[in-house]
Number of protein chains: 2
Amino acid sequence: MNALEKIGADAKVAAATLGKLKKNEIDGILRDAAKELVRSAAEILAANAADVANAEKRGVKASLVDRLKLSEKRIEDIAEGLRQVAELPSPLGEIVYSYKKENGLKIEEKRVPFGVIGIIFESRPNVAADAFALCFKTANAVILRGGSDAISSNTAIVNALRRALKKNGVDENAVQLLQDTSRETAREFMRLNRYVDLLIPRGGAGLIKTVTENSTVPVIETGTGNCHVYIDESADVEMAANIVFNAKTQRYGVCNACESLIVHEKIADKALPAIYARLKEKNVEVRGDEFSRAICGEFLPATEEDFGTEYLDAILSVKTVKNVDEAIAHVNKYNTGHSEAIVTESAENAEKFMNGVDAAAVYWNASTRFTDGFEFGLGAEIGISTQKLHARGPMGLKALTTTKFYCTGNGQTR
Amino acid sequence: MNALEKIGADAKVAAATLGKLKKNEIDGILRDAAKELVRSAAEILAANAADVANAEKRGVKASLVDRLKLSEKRIEDIAEGLRQVAELPSPLGEIVYSYKKENGLKIEEKRVPFGVIGIIFESRPNVAADAFALCFKTANAVILRGGSDAISSNTAIVNALRRALKKNGVDENAVQLLQDTSRETAREFMRLNRYVDLLIPRGGAGLIKTVTENSTVPVIETGTGNCHVYIDESADVEMAANIVFNAKTQRYGVCNACESLIVHEKIADKALPAIYARLKEKNVEVRGDEFSRAICGEFLPATEEDFGTEYLDAILSVKTVKNVDEAIAHVNKYNTGHSEAIVTESAENAEKFMNGVDAAAVYWNASTRFTDGFEFGLGAEIGISTQKLHARGPMGLKALTTTKFYCTGNGQTR
C-alpha cells in the first residue's frame, strides 16, 4: 500500500465511523471547527503569508495572488460558513420512497452518505474548509487535493479542522489533505476507485477537462459557464439592457456571467445600441458578427472562437439570428450546459427556448447571475453541476448523498 | 463525420423532437410498437433462427443459446412489456423543488429527459425492445449496441420499432442499433460524449468492467451481484434455512442470488446442518472455511477466490465469523454493492449490519431475491445500479431522467 492508498484506506475507515454520529453531534462539531479556525487565525495567516510570498516571487498574476490571500476577516467568513452549514437541515435519513409488499416486506429507500468524497481544487484556500463542512455535514469523509501554490494555507486550515475533530473524539481522517501536489499523484487519485466514491473538481476549464478525461472514479463536472442571453423579437428593450448589463458586468470572473449575447435581427437596431450604451459605462469590449457590426460600428469582429470562449472578463460576443430556433441551435452548439436566458414578451417562444436549450438553469426575463445555491434557496453549495447525471445546477447537501433500500421482513422469500 | 458519429448526431436530432411529444402520445406509440412487434413475429423469428443456427454452428454453450432463442410466446411477452411501460406514470415534468425569491423570481426544478442514452448489452434480444420502451417513455433517444450473436434478431426487433415510430410521424432515429458490433466501434461508442449523455451496460462482469474502464461518457454500472446472507447468533434457524434456500436456489443465474453464506460461530453447529439439508435437495455444492467444514464434513474447502466469486450457479461459499462486525467487514471486502441480508432476532445487530454494509439493498429477515423493479413497486427497470451516483438499486423511469431549473421573472437582476 503506497502513501496515497493509505490515505484512501484511512478515509474509508473514518467514513464508516461518521455514519454513527447523530445529526446534532455533527452540527456541534462543525461549530467547534469554526471556533478552532478563528482560534488558529495567527497560524493560518502565517502559513498564508508564506504561500503569498512564494507566489509573488514566482511572478504569479496579481489577480491570482489576490484569490490566494487570507485575512482575519476572510478567516472569520470561512468560520461563519461552517456555522451556516451547521444550521442547515440534514438530508440524511430522509425517506425518498417507501413500499409495503402484500407479503409484509417493508421497503424504504433512505438518504445515506456516499462514503469518501475527493475534491480537487485550485488556489482559493477557503475551499478546503467549505468542502469539509458540506462533506462532514453529510457524514462523508473527504480527501482534499489543493494546488501547490496554497499548500501551506490549506495545511494550516486542515490542521485546525482535524484538531476540532480530535477534541470531539472523531477520527481525524474524516478530512485529509494530499501533501504531495504532483500531477502524477493527482492522476493516481483520480483512479482510486477502491477507496473514493465520488470526485468533484472545482476550478477552471482545464482542471475540469483533466479530471473528466482521466478519472475512473465517478465525477461530477462543475463550473465552466459559457452563458448566453437571447433577446427575442418581442423583448422589452429596457429590460433586455438591464439584464445583459447585470449578467455581464455584476462580476466578471464567475461561471454564471453572460459571455455571449444573441439578438433577433428584427429588434437588433433598437436593442443593440441600448445594450451597448449600458455596457460602455463599464468599458466592456464587444465582438460581434457582421449584422451587429453594421448597427454598432464600434464592435470588433467576432471569430468562431469567440462564440466558444468563456471570457471571465469585460468582453462580450454578439450573434444575430433570424428566429428563436436559430438562437436555440446556436446556444446548444457553443454552451457548456450552465445557465441560459431569453428576454421576450412571447410565452410561446420562452417555452420553446427553455425546453429546447440544454442547460442546468434556463431563465425567462431574468439575469443568469441567479444560478447559485444561496440564490436558489438551497444553502451552501459544493459547486454547480454542468452534467446531467446525479446532480444538475447548484449542488446542495442532497447532492452529497446517495440512497439505500432498507428492506425489513419476517422471513419473506420469493 | 464517421458512421458512428452520424448515428450519434441523428440520435441527438431525434431526441430534440421527442421532448415535444405529449405523454399520451408517447403511450399510444408504445402500444403501437407492441402491435408492430407481434405483427412482425414471423420476420423476427426467421432472423432469430439465423442467429441460433449460427451460434450452434460456432459451438456456443446450450445455456447461452437458450438465452438467445425467441418464440411466439416470448415475442408476445416482449410486446406485453411495452404495453406495461405505456401504463406506468411518466416522471417527466415532475417538479422536484420549487422556490420563489423575494424579488418575485420563480424557480422550479423539473424532471426532463437526458437526451441520448446508449445501451450496451449481451445476448438476450428482448433487451432491445425493453430498453427502447423505457427510454422512449422518458422521451430519450436510444442507441443500442447488442452482441454479434444476436445481430439479426436485434435488427428485426429494432426495424419493427422504427416502423411503429414512422407510422406515428416520429423520427425513427429515436431508436438505432449499431450494425457494426466490433470491439473498436464499441470503444469509440464509449467515448461519444458529444452525442451520448449516458451509457448503461447490461450484461456480465466482464462487459461492465470494460465499459467503466473505457468510457468517458457518464456510466451507470449495473448488475453484478456477489450477494451474502449472514446468519447471526440469534437467528431463527428455520427461517435462516428458508431464506438461504430461496436466495440461492430460486434462480441461479440472477444478480440478486445469494453466492456466499456467512454464519456466526455460535450458531454454526445448528444452522449449517439445517441449511445444508435444504441445499442438498437441489444438489448445491458448498465450499466452506475450516470452521464450517469441521461441522459439515461434506463441504469442499473454500479458497480466497471463492469469496470474491459470483458463481451464478448451484455453488455456495461459506464463511464463519465471531460477530456481526466481522460479518460486515467480510461483506464490504468482497461484495459488489448489490444486495445483502442478515437473519437475526436482534434489532441492534440488524441495524448495525444494514447501516454498515455498503450495498444498494439491505435485508433484515428476508431473501435477497426481492431486489427487482417490479418487486419494489417501481415497475419495469433498465437494470440494477450497483453504483452510488445518480441511481442505486433497481432503476425505474426516474433514473432515465435528469432535472433542469426553470426560472421565470419579469426583469430581475442581481
# chains A, B, ... in the order shown; residues from 1 in each chain; ligands from 1
$ interface_residues --of "chain A" --to "chain B" --cutoff "8 Å" --atoms "only C-alpha atoms" --output "JSON, numbers by chain"
{"A": [16, 19, 99, 101, 105, 107, 114, 197, 198, 212, 213, 216, 218, 239, 240, 242, 243, 246, 247, 250, 354, 355, 356, 359, 360, 361, 362, 363, 364, 365, 366, 367, 369, 370, 375, 376, 377, 388, 389, 390, 391, 392, 393, 402, 403, 404, 405, 406, 407, 408, 409, 410, 411, 412, 413, 414]}
$ select_by_dssp --residues "region 171-336 of chain A" --states "strand (DSSP E or B)" --output "ChimeraX atom specification"
/A:175-177,198-202,219,222,227-231,258-264,285-288,300-301,315-321
$ write_last_selection --atoms "N, CA, C and O atoms" --output "CSV table (one decimal), in the first residue's frame"
chain,number,residue,atom,x,y,z
A,175,VAL,N,-11.1,14.3,7.5
A,175,VAL,CA,-10.6,15.2,6.5
A,175,VAL,C,-9.1,15.1,6.4
A,175,VAL,O,-8.3,15.1,7.3
A,176,GLN,N,-8.6,14.9,5.1
A,176,GLN,CA,-7.2,14.7,4.9
A,176,GLN,C,-6.9,15.6,3.7
A,176,GLN,O,-7.7,15.8,2.7
A,177,LEU,N,-5.6,16.1,3.7
A,177,LEU,CA,-5.1,16.9,2.6
A,177,LEU,C,-3.9,16.2,2.0
A,177,LEU,O,-3.0,15.8,2.7
A,198,LEU,N,-16.6,9.3,-5.0
A,198,LEU,CA,-17.1,10.4,-5.9
A,198,LEU,C,-16.0,11.4,-5.9
A,198,LEU,O,-15.3,11.7,-4.9
A,199,LEU,N,-15.8,12.0,-7.1
A,199,LEU,CA,-14.7,13.0,-7.2
A,199,LEU,C,-15.4,14.3,-7.8
A,199,LEU,O,-16.1,14.3,-8.7
A,200,ILE,N,-15.1,15.4,-7.1
A,200,ILE,CA,-15.6,16.7,-7.6
A,200,ILE,C,-14.5,17.7,-7.8
A,200,ILE,O,-13.8,18.1,-6.9
A,201,PRO,N,-14.3,18.0,-9.1
A,201,PRO,CA,-13.2,19.0,-9.4
A,201,PRO,C,-13.8,20.4,-9.2
A,201,PRO,O,-15.0,20.7,-9.6
A,202,ARG,N,-13.1,21.3,-8.6
A,202,ARG,CA,-13.6,22.7,-8.5
A,202,ARG,C,-12.5,23.6,-9.0
A,202,ARG,O,-11.4,23.7,-8.4
A,219,VAL,N,-17.4,11.1,-11.5
A,219,VAL,CA,-17.1,12.5,-11.3
A,219,VAL,C,-18.3,13.3,-11.5
A,219,VAL,O,-19.2,13.0,-12.3
A,222,THR,N,-18.2,20.4,-12.7
A,222,THR,CA,-18.7,21.6,-12.2
A,222,THR,C,-18.2,22.8,-12.9
A,222,THR,O,-17.2,22.7,-13.6
A,227,CYS,N,-22.3,31.2,-20.8
A,227,CYS,CA,-23.7,31.5,-20.7
A,227,CYS,C,-24.2,32.6,-21.7
A,227,CYS,O,-23.4,33.5,-22.0
A,228,HIS,N,-25.4,32.4,-22.3
A,228,HIS,CA,-25.9,33.3,-23.3
A,228,HIS,C,-27.2,34.1,-22.7
A,228,HIS,O,-27.9,33.5,-21.9
A,229,VAL,N,-27.4,35.3,-23.2
A,229,VAL,CA,-28.7,35.9,-23.1
A,229,VAL,C,-29.2,36.2,-24.5
A,229,VAL,O,-28.5,36.7,-25.3
A,230,TYR,N,-30.4,35.7,-24.8
A,230,TYR,CA,-31.0,35.8,-26.1
A,230,TYR,C,-32.1,36.9,-26.0
A,230,TYR,O,-33.1,36.8,-25.2
A,231,ILE,N,-32.0,37.9,-26.9
A,231,ILE,CA,-33.0,39.0,-26.9
A,231,ILE,C,-33.9,38.7,-28.1
A,231,ILE,O,-33.5,38.8,-29.3
A,258,CYS,N,-22.8,36.4,-18.1
A,258,CYS,CA,-23.1,36.2,-19.6
A,258,CYS,C,-21.8,36.5,-20.4
A,258,CYS,O,-21.1,37.4,-20.2
A,259,GLU,N,-21.6,35.6,-21.3
A,259,GLU,CA,-20.4,35.7,-22.1
A,259,GLU,C,-20.7,36.0,-23.6
A,259,GLU,O,-19.9,36.4,-24.3
A,260,SER,N,-22.0,35.8,-23.9
A,260,SER,CA,-22.4,35.9,-25.3
A,260,SER,C,-23.8,36.4,-25.4
A,260,SER,O,-24.7,35.9,-24.6
A,261,LEU,N,-24.1,37.4,-26.3
A,261,LEU,CA,-25.4,37.9,-26.4
A,261,LEU,C,-25.9,37.5,-27.8
A,261,LEU,O,-25.2,37.5,-28.8
A,262,ILE,N,-27.2,37.0,-27.8
A,262,ILE,CA,-27.8,36.7,-29.1
A,262,ILE,C,-29.0,37.6,-29.3
A,262,ILE,O,-29.7,37.8,-28.3
A,263,VAL,N,-29.1,38.2,-30.5
A,263,VAL,CA,-30.2,39.2,-30.7
A,263,VAL,C,-30.9,38.8,-32.0
A,263,VAL,O,-30.3,38.5,-33.0
A,264,HIS,N,-32.3,38.9,-31.9
A,264,HIS,CA,-33.1,38.7,-33.1
A,264,HIS,C,-32.9,39.8,-34.0
A,264,HIS,O,-32.8,41.0,-33.6
A,285,GLU,N,-15.7,45.4,-23.8
A,285,GLU,CA,-15.4,45.2,-25.2
A,285,GLU,C,-16.4,44.3,-25.9
A,285,GLU,O,-16.6,43.2,-25.4
A,286,VAL,N,-16.9,44.7,-27.0
A,286,VAL,CA,-17.9,43.8,-27.7
A,286,VAL,C,-17.4,43.3,-29.0
A,286,VAL,O,-16.8,44.1,-29.8
A,287,ARG,N,-17.5,42.0,-29.2
A,287,ARG,CA,-17.1,41.4,-30.5
A,287,ARG,C,-18.3,40.8,-31.2
A,287,ARG,O,-18.9,39.9,-30.7
A,288,GLY,N,-18.7,41.4,-32.3
A,288,GLY,CA,-20.0,41.0,-32.9
A,288,GLY,C,-19.8,40.4,-34.3
A,288,GLY,O,-18.8,40.5,-35.0
A,300,LEU,N,-15.9,45.1,-32.3
A,300,LEU,CA,-14.8,44.4,-33.1
A,300,LEU,C,-15.4,43.2,-33.7
A,300,LEU,O,-16.5,42.7,-33.3
A,301,PRO,N,-14.7,42.7,-34.8
A,301,PRO,CA,-15.3,41.5,-35.4
A,301,PRO,C,-15.2,40.2,-34.5
A,301,PRO,O,-14.1,40.0,-33.9
A,315,ILE,N,-15.6,41.3,-21.6
A,315,ILE,CA,-15.7,41.1,-23.1
A,315,ILE,C,-17.0,40.4,-23.3
A,315,ILE,O,-17.4,39.5,-22.5
A,316,LEU,N,-17.7,40.7,-24.4
A,316,LEU,CA,-18.9,40.1,-24.8
A,316,LEU,C,-18.9,39.8,-26.3
A,316,LEU,O,-18.6,40.7,-27.1
A,317,SER,N,-19.4,38.6,-26.7
A,317,SER,CA,-19.6,38.3,-28.1
A,317,SER,C,-21.0,38.5,-28.4
A,317,SER,O,-21.9,38.4,-27.6
A,318,VAL,N,-21.3,38.9,-29.7
A,318,VAL,CA,-22.7,39.1,-30.1
A,318,VAL,C,-23.0,38.4,-31.4
A,318,VAL,O,-22.2,38.4,-32.4
A,319,LYS,N,-24.1,37.6,-31.4
A,319,LYS,CA,-24.5,36.9,-32.6
A,319,LYS,C,-25.9,37.3,-32.9
A,319,LYS,O,-26.8,37.4,-32.0
A,320,THR,N,-26.3,37.6,-34.2
A,320,THR,CA,-27.6,37.9,-34.5
A,320,THR,C,-28.3,36.7,-35.2
A,320,THR,O,-27.6,35.9,-35.9
A,321,VAL,N,-29.6,36.5,-35.0
A,321,VAL,CA,-30.3,35.3,-35.5
A,321,VAL,C,-31.6,35.7,-36.1
A,321,VAL,O,-32.2,36.8,-35.8
$ residues_around --residues "Ala141 (chain B)" --least-positions-apart "3" --cutoff "8 Å" --atoms "only C-alpha atoms" --output "VMD selection string"
chain B and resid 11 to 12 14 to 15 18 115 to 117 135 to 136 173 to 175
$ write_last_selection --atoms "all heavy atoms" --output "CSV table (one decimal), in the first residue's frame"
chain,number,residue,atom,x,y,z
B,11,ALA,N,-29.3,10.7,-33.5
B,11,ALA,CA,-30.0,10.5,-32.3
B,11,ALA,C,-30.2,11.8,-31.5
B,11,ALA,O,-31.3,12.0,-31.0
B,11,ALA,CB,-29.1,9.6,-31.4
B,12,LYS,N,-29.2,12.7,-31.6
B,12,LYS,CA,-29.4,14.0,-30.9
B,12,LYS,C,-30.5,14.8,-31.6
B,12,LYS,O,-31.3,15.4,-30.9
B,12,LYS,CB,-28.1,14.8,-30.9
B,12,LYS,CG,-28.0,15.8,-29.8
B,12,LYS,CD,-26.6,16.3,-29.6
B,12,LYS,CE,-26.6,17.3,-28.5
B,12,LYS,NZ,-25.3,17.8,-28.1
B,14,ALA,N,-33.1,13.5,-33.2
B,14,ALA,CA,-34.3,12.8,-32.8
B,14,ALA,C,-34.7,13.2,-31.4
B,14,ALA,O,-35.9,13.5,-31.1
B,14,ALA,CB,-34.2,11.3,-32.9
B,15,ALA,N,-33.7,13.2,-30.5
B,15,ALA,CA,-34.0,13.5,-29.0
B,15,ALA,C,-34.7,14.9,-28.9
B,15,ALA,O,-35.6,15.0,-28.1
B,15,ALA,CB,-32.7,13.4,-28.2
B,18,LEU,N,-38.4,14.5,-29.5
B,18,LEU,CA,-39.1,13.7,-28.6
B,18,LEU,C,-39.7,14.6,-27.4
B,18,LEU,O,-40.8,14.3,-26.9
B,18,LEU,CB,-38.3,12.6,-28.0
B,18,LEU,CG,-37.8,11.6,-29.0
B,18,LEU,CD1,-37.0,10.5,-28.3
B,18,LEU,CD2,-38.9,11.0,-29.8
B,115,GLY,N,-31.7,13.0,-22.9
B,115,GLY,CA,-31.3,13.3,-24.3
B,115,GLY,C,-31.1,12.0,-25.1
B,115,GLY,O,-32.0,11.4,-25.6
B,116,VAL,N,-29.8,11.6,-25.1
B,116,VAL,CA,-29.5,10.4,-25.8
B,116,VAL,C,-28.8,9.4,-24.8
B,116,VAL,O,-27.9,9.7,-24.1
B,116,VAL,CB,-28.4,10.7,-27.0
B,116,VAL,CG1,-28.0,9.4,-27.7
B,116,VAL,CG2,-29.0,11.6,-28.0
B,117,ILE,N,-29.4,8.2,-24.8
B,117,ILE,CA,-28.9,7.2,-23.9
B,117,ILE,C,-28.3,6.0,-24.7
B,117,ILE,O,-29.0,5.6,-25.7
B,117,ILE,CB,-30.0,6.7,-23.0
B,117,ILE,CG1,-30.5,7.8,-22.1
B,117,ILE,CG2,-29.6,5.5,-22.1
B,117,ILE,CD1,-31.6,7.5,-21.1
B,135,CYS,N,-36.6,4.1,-22.5
B,135,CYS,CA,-36.0,5.3,-22.9
B,135,CYS,C,-37.0,6.2,-23.6
B,135,CYS,O,-37.1,7.4,-23.5
B,135,CYS,CB,-34.8,5.0,-23.9
B,135,CYS,SG,-33.4,4.3,-23.0
B,136,PHE,N,-37.9,5.6,-24.5
B,136,PHE,CA,-38.9,6.3,-25.2
B,136,PHE,C,-39.9,6.9,-24.3
B,136,PHE,O,-40.4,8.1,-24.5
B,136,PHE,CB,-39.5,5.4,-26.3
B,136,PHE,CG,-40.5,6.2,-27.2
B,136,PHE,CD1,-39.9,7.0,-28.2
B,136,PHE,CD2,-41.8,6.1,-27.1
B,136,PHE,CE1,-40.8,7.8,-29.0
B,136,PHE,CE2,-42.7,6.8,-28.0
B,136,PHE,CZ,-42.1,7.6,-28.9
B,173,ASN,N,-35.0,7.7,-35.8
B,173,ASN,CA,-33.7,7.7,-35.1
B,173,ASN,C,-33.9,7.8,-33.6
B,173,ASN,O,-32.9,7.8,-32.9
B,173,ASN,CB,-32.8,8.7,-35.7
B,173,ASN,CG,-32.5,8.4,-37.1
B,173,ASN,OD1,-32.4,7.2,-37.5
B,173,ASN,ND2,-32.3,9.4,-37.9
B,174,ALA,N,-35.1,7.8,-33.1
B,174,ALA,CA,-35.3,7.7,-31.6
B,174,ALA,C,-34.8,6.3,-31.2
B,174,ALA,O,-34.5,6.2,-30.0
B,174,ALA,CB,-36.7,7.9,-31.3
B,175,VAL,N,-34.7,5.4,-32.0
B,175,VAL,CA,-34.0,4.1,-31.7
B,175,VAL,C,-33.2,3.7,-32.9
B,175,VAL,O,-33.6,3.6,-34.0
B,175,VAL,CB,-35.1,3.0,-31.3
B,175,VAL,CG1,-36.1,2.7,-32.3
B,175,VAL,CG2,-34.3,1.7,-31.0
$ residues_around --residues "Ser40 (chain A)" --least-positions-apart "4" --cutoff "8 Å" --atoms "only C-alpha atoms" --output "JSON, numbers by chain"
{"A": [36, 44, 160]}
$ write_last_selection --atoms "N, CA, C and O atoms" --output "compact mmCIF listing (two decimals), in the first residue's frame"
# COMPACT_ATOMS: atom_id res chain seq x y z
N GLU A 36 -12.30 26.72 16.20
CA GLU A 36 -10.90 26.32 16.10
C GLU A 36 -10.20 27.07 14.97
O GLU A 36 -9.03 27.43 15.08
N ILE A 44 -2.75 30.26 10.62
CA ILE A 44 -3.21 30.19 9.23
C ILE A 44 -2.68 31.37 8.43
O ILE A 44 -2.20 31.21 7.30
N ALA A 160 -6.32 22.72 11.62
CA ALA A 160 -7.28 23.27 12.59
C ALA A 160 -8.55 22.42 12.61
O ALA A 160 -9.08 22.08 13.68
$ closest_residue --among "A:Lys73, A:Arg187, A:Arg58, A:Lys398" --to "Ile382 (chain A)" --atoms "only C-alpha atoms"
A:Lys398
$ residues_around --residues "Asp27 (chain B)" --least-positions-apart "4" --cutoff "7 Å" --atoms "only C-alpha atoms" --output "list of chain:residue names"
B:Lys23, B:Arg31, B:Ala86
$ atom_distance --atom1 "CA of Ser182 (chain A)" --atom2 "CA of Ala133 (chain A)"
25.4 Å
$ decode --residues "region 262-288 of chain A" --atoms "C-alpha atoms" --output "PDB file, in the first residue's frame"
ATOM      1  CA  ILE A 262     -27.800  36.671 -29.108  1.00  0.00           C
ATOM      2  CA  VAL A 263     -30.164  39.162 -30.698  1.00  0.00           C
ATOM      3  CA  HIS A 264     -33.106  38.679 -33.051  1.00  0.00           C
ATOM      4  CA  GLU A 265     -32.380  40.564 -36.295  1.00  0.00           C
ATOM      5  CA  LYS A 266     -35.702  42.388 -36.186  1.00  0.00           C
ATOM      6  CA  ILE A 267     -35.007  44.033 -32.831  1.00  0.00           C
ATOM      7  CA  ALA A 268     -31.250  44.424 -33.266  1.00  0.00           C
ATOM      8  CA  ASP A 269     -31.321  48.041 -34.443  1.00  0.00           C
ATOM      9  CA  LYS A 270     -33.173  49.090 -31.295  1.00  0.00           C
ATOM     10  CA  ALA A 271     -31.732  46.601 -28.780  1.00  0.00           C
ATOM     11  CA  LEU A 272     -28.045  46.661 -29.658  1.00  0.00           C
ATOM     12  CA  PRO A 273     -27.486  50.418 -29.245  1.00  0.00           C
ATOM     13  CA  ALA A 274     -29.476  50.415 -25.980  1.00  0.00           C
ATOM     14  CA  ILE A 275     -27.485  47.494 -24.573  1.00  0.00           C
ATOM     15  CA  TYR A 276     -24.191  48.872 -25.796  1.00  0.00           C
ATOM     16  CA  ALA A 277     -24.888  52.237 -24.170  1.00  0.00           C
ATOM     17  CA  ARG A 278     -25.075  50.438 -20.823  1.00  0.00           C
ATOM     18  CA  LEU A 279     -22.008  48.242 -21.426  1.00  0.00           C
ATOM     19  CA  LYS A 280     -19.908  51.276 -22.297  1.00  0.00           C
ATOM     20  CA  GLU A 281     -20.380  52.529 -18.712  1.00  0.00           C
ATOM     21  CA  LYS A 282     -18.051  49.652 -17.738  1.00  0.00           C
ATOM     22  CA  ASN A 283     -15.859  49.722 -20.842  1.00  0.00           C
ATOM     23  CA  VAL A 284     -16.964  46.260 -21.946  1.00  0.00           C
ATOM     24  CA  GLU A 285     -15.357  45.220 -25.229  1.00  0.00           C
ATOM     25  CA  VAL A 286     -17.927  43.843 -27.685  1.00  0.00           C
ATOM     26  CA  ARG A 287     -17.084  41.439 -30.508  1.00  0.00           C
ATOM     27  CA  GLY A 288     -19.973  40.978 -32.925  1.00  0.00           C
TER      28      GLY A 288
END
